[in-house]
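Report on one structure; see the data block that follows.
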Amino acid sequence: MTGRAVATVGTALTTFLVVAALLTELLSARIAFSALVGLPVGVVAGAVAGVVTWVRLWDRHGLRPVLLGCSAVGYALLAAAAVSYSMPPARPFVSAESAVGVAVVCGVAVLLLARRYPERFSA
């Protein structure tokens with residue numbers, strides 16, 4: 001899998017998660033089933049972010065570390081959700097707050113690594 005594909009899928013995933021969560025939370029006071037609005041809008045936003053990343057943004061070499069760092073946030077959140085779902089004893093330790101914190105740290109670490117070693121992410 002190339003860096004372009006990793007960045008595209010990860011950026012789409014991160015965008016979907018952020019947009020869906022924010023919109024669902026913002027509408028929760030006014031709409032009882034706010035997830036029915038937030039999830040489809042998140043899917044559309046994620047798809048648009050993925051297409052834009054694949055077509056336009058990956059060709060800008062200066063943006064590659066940022067795209068990969070953003071992608072790492074989505075992958076880390078997905079991994080935290082998988083751990084929380086698949087291992088019930090881990091649920092008390094994997095809260096939403098801790099998952100977001102770990103995901104942000106992963107994103108910053110990947111951003112710094114991609115900035116330090118840009119030749120490894122040129123494909």
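Naming scheme: A, B, ... for chains in displayed order of the structure tokens; residues 1 onward per chain; ligands 1 onward as shown.
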Excluding A:Ala96 and residues on its chain fewer than 4 positions from it, collect all residues at most 12 Å away from it, counting only C-alpha atoms, and give them as a list in words.
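Counting only the stated atoms, we get Ala21, Ala76, Leu77, Leu78, Ala80, Ala81, Ser84, Arg91, Pro92, Val100, Gly101, Val102 and Ala103 of chain A.
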Which residue out of A:Leu67, A:Met87, A:Ala99, A:Ala114 has the minimum interatomic distance to A:Arg4 when only C-alpha atoms are used?
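Of A:Leu67, A:Met87, A:Ala99, A:Ala114, the one nearest A:Arg4, counting only C-alpha atoms, is A:Leu67.
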Name the closest residue to A:Leu112 among the candidates A:Trp54, A:Ala49, A:Leu23, A:Arg64; distances are taken between atoms, counting only C-alpha atoms.
A:Arg64
What does the distance between atom CA of A:Gly62 and atom CA of A:Val19 come to in Å, to one decimal place?
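Those two atoms sit 24.8 Å apart.
Atom CA of A:Val37 to atom CA of A:Thr24 spans 7.1 Å [interatomic distance, one decimal].
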Give me the residues within 10 Å of stretch 10-17 of chain A as a PDB file with C-alpha atoms, in the first residue's frame, counting only C-alpha atoms and dropping any in the same chain fewer than 2 places off.
ATOM      1  CA  ARG A   4      -0.959   8.070  -1.049  1.00  0.00           C
ATOM      2  CA  ALA A   5      -3.512   5.335  -0.343  1.00  0.00           C
ATOM      3  CA  VAL A   6      -2.747   5.351   3.393  1.00  0.00           C
ATOM      4  CA  ALA A   7      -3.145   9.127   3.532  1.00  0.00           C
ATOM      5  CA  THR A   8      -6.341   9.071   1.459  1.00  0.00           C
ATOM      6  CA  VAL A  19     -17.579  15.792  11.273  1.00  0.00           C
ATOM      7  CA  ALA A  20     -20.036  13.099  12.374  1.00  0.00           C
ATOM      8  CA  ALA A  21     -19.181  13.483  16.070  1.00  0.00           C
ATOM      9  CA  LEU A  22     -19.265  17.288  16.030  1.00  0.00           C
ATOM     10  CA  GLY A  38     -24.527  13.597  11.599  1.00  0.00           C
ATOM     11  CA  LEU A  39     -23.536  10.232  10.155  1.00  0.00           C
ATOM     12  CA  PRO A  40     -24.570  10.835   6.516  1.00  0.00           C
ATOM     13  CA  VAL A  41     -23.008  14.294   6.539  1.00  0.00           C
ATOM     14  CA  GLY A  42     -19.837  12.758   7.978  1.00  0.00           C
ATOM     15  CA  VAL A  43     -19.769  10.121   5.235  1.00  0.00           C
ATOM     16  CA  VAL A  44     -20.086  12.778   2.540  1.00  0.00           C
ATOM     17  CA  ALA A  45     -17.416  14.961   4.150  1.00  0.00           C
ATOM     18  CA  GLY A  46     -15.082  11.973   4.479  1.00  0.00           C
ATOM     19  CA  ALA A  47     -15.597  10.984   0.861  1.00  0.00           C
ATOM     20  CA  VAL A  48     -14.885  14.530  -0.311  1.00  0.00           C
ATOM     21  CA  ALA A  49     -11.750  14.721   1.863  1.00  0.00           C
ATOM     22  CA  GLY A  50     -10.546  11.387   0.502  1.00  0.00           C
ATOM     23  CA  VAL A  51     -11.037  12.393  -3.123  1.00  0.00           C
ATOM     24  CA  VAL A  52      -9.362  15.764  -2.590  1.00  0.00           C
ATOM     25  CA  THR A  53      -6.438  14.088  -0.845  1.00  0.00           C
ATOM     26  CA  TRP A  54      -5.975  11.569  -3.651  1.00  0.00           C
ATOM     27  CA  VAL A  66       0.273  16.843   7.699  1.00  0.00           C
ATOM     28  CA  LEU A  67      -1.865  14.414   5.698  1.00  0.00           C
ATOM     29  CA  LEU A  68      -0.131  11.406   7.224  1.00  0.00           C
ATOM     30  CA  GLY A  69      -0.454  12.860  10.735  1.00  0.00           C
ATOM     31  CA  CYS A  70      -4.155  13.505  10.175  1.00  0.00           C
ATOM     32  CA  SER A  71      -4.514   9.966   8.878  1.00  0.00           C
ATOM     33  CA  ALA A  72      -2.837   8.527  11.959  1.00  0.00           C
ATOM     34  CA  VAL A  73      -5.475  10.172  14.161  1.00  0.00           C
ATOM     35  CA  GLY A  74      -8.274   8.335  12.361  1.00  0.00           C
ATOM     36  CA  TYR A  75      -6.457   5.017  12.416  1.00  0.00           C
ATOM     37  CA  ALA A  76      -5.676   5.375  16.133  1.00  0.00           C
ATOM     38  CA  LEU A  77      -9.309   6.177  16.946  1.00  0.00           C
ATOM     39  CA  LEU A  78     -10.427   3.171  14.925  1.00  0.00           C
TER      40      LEU A  78
END
Sel. of alpha helix (DSSP H) residues, chain A, as JSON, numbers by chain
{"A": [3, 4, 5, 6, 7, 8, 9, 10, 11, 12, 13, 14, 15, 16, 17, 18, 19, 20, 21, 22, 23, 24, 25, 26, 27, 35, 36, 37, 38, 39, 40, 41, 42, 43, 44, 45, 46, 47, 48, 49, 50, 51, 52, 53, 54, 55, 64, 65, 66, 67, 68, 69, 70, 71, 72, 73, 74, 75, 76, 77, 78, 79, 80, 81, 82, 83, 84, 85, 86, 96, 97, 98, 99, 100, 101, 102, 103, 104, 105, 106, 107, 108, 109, 110, 111, 112, 113, 114, 115, 116]}
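The two atoms in question, atom CA of A:Leu111 and atom CA of A:Pro65, are spaced 4.9 Å apart.
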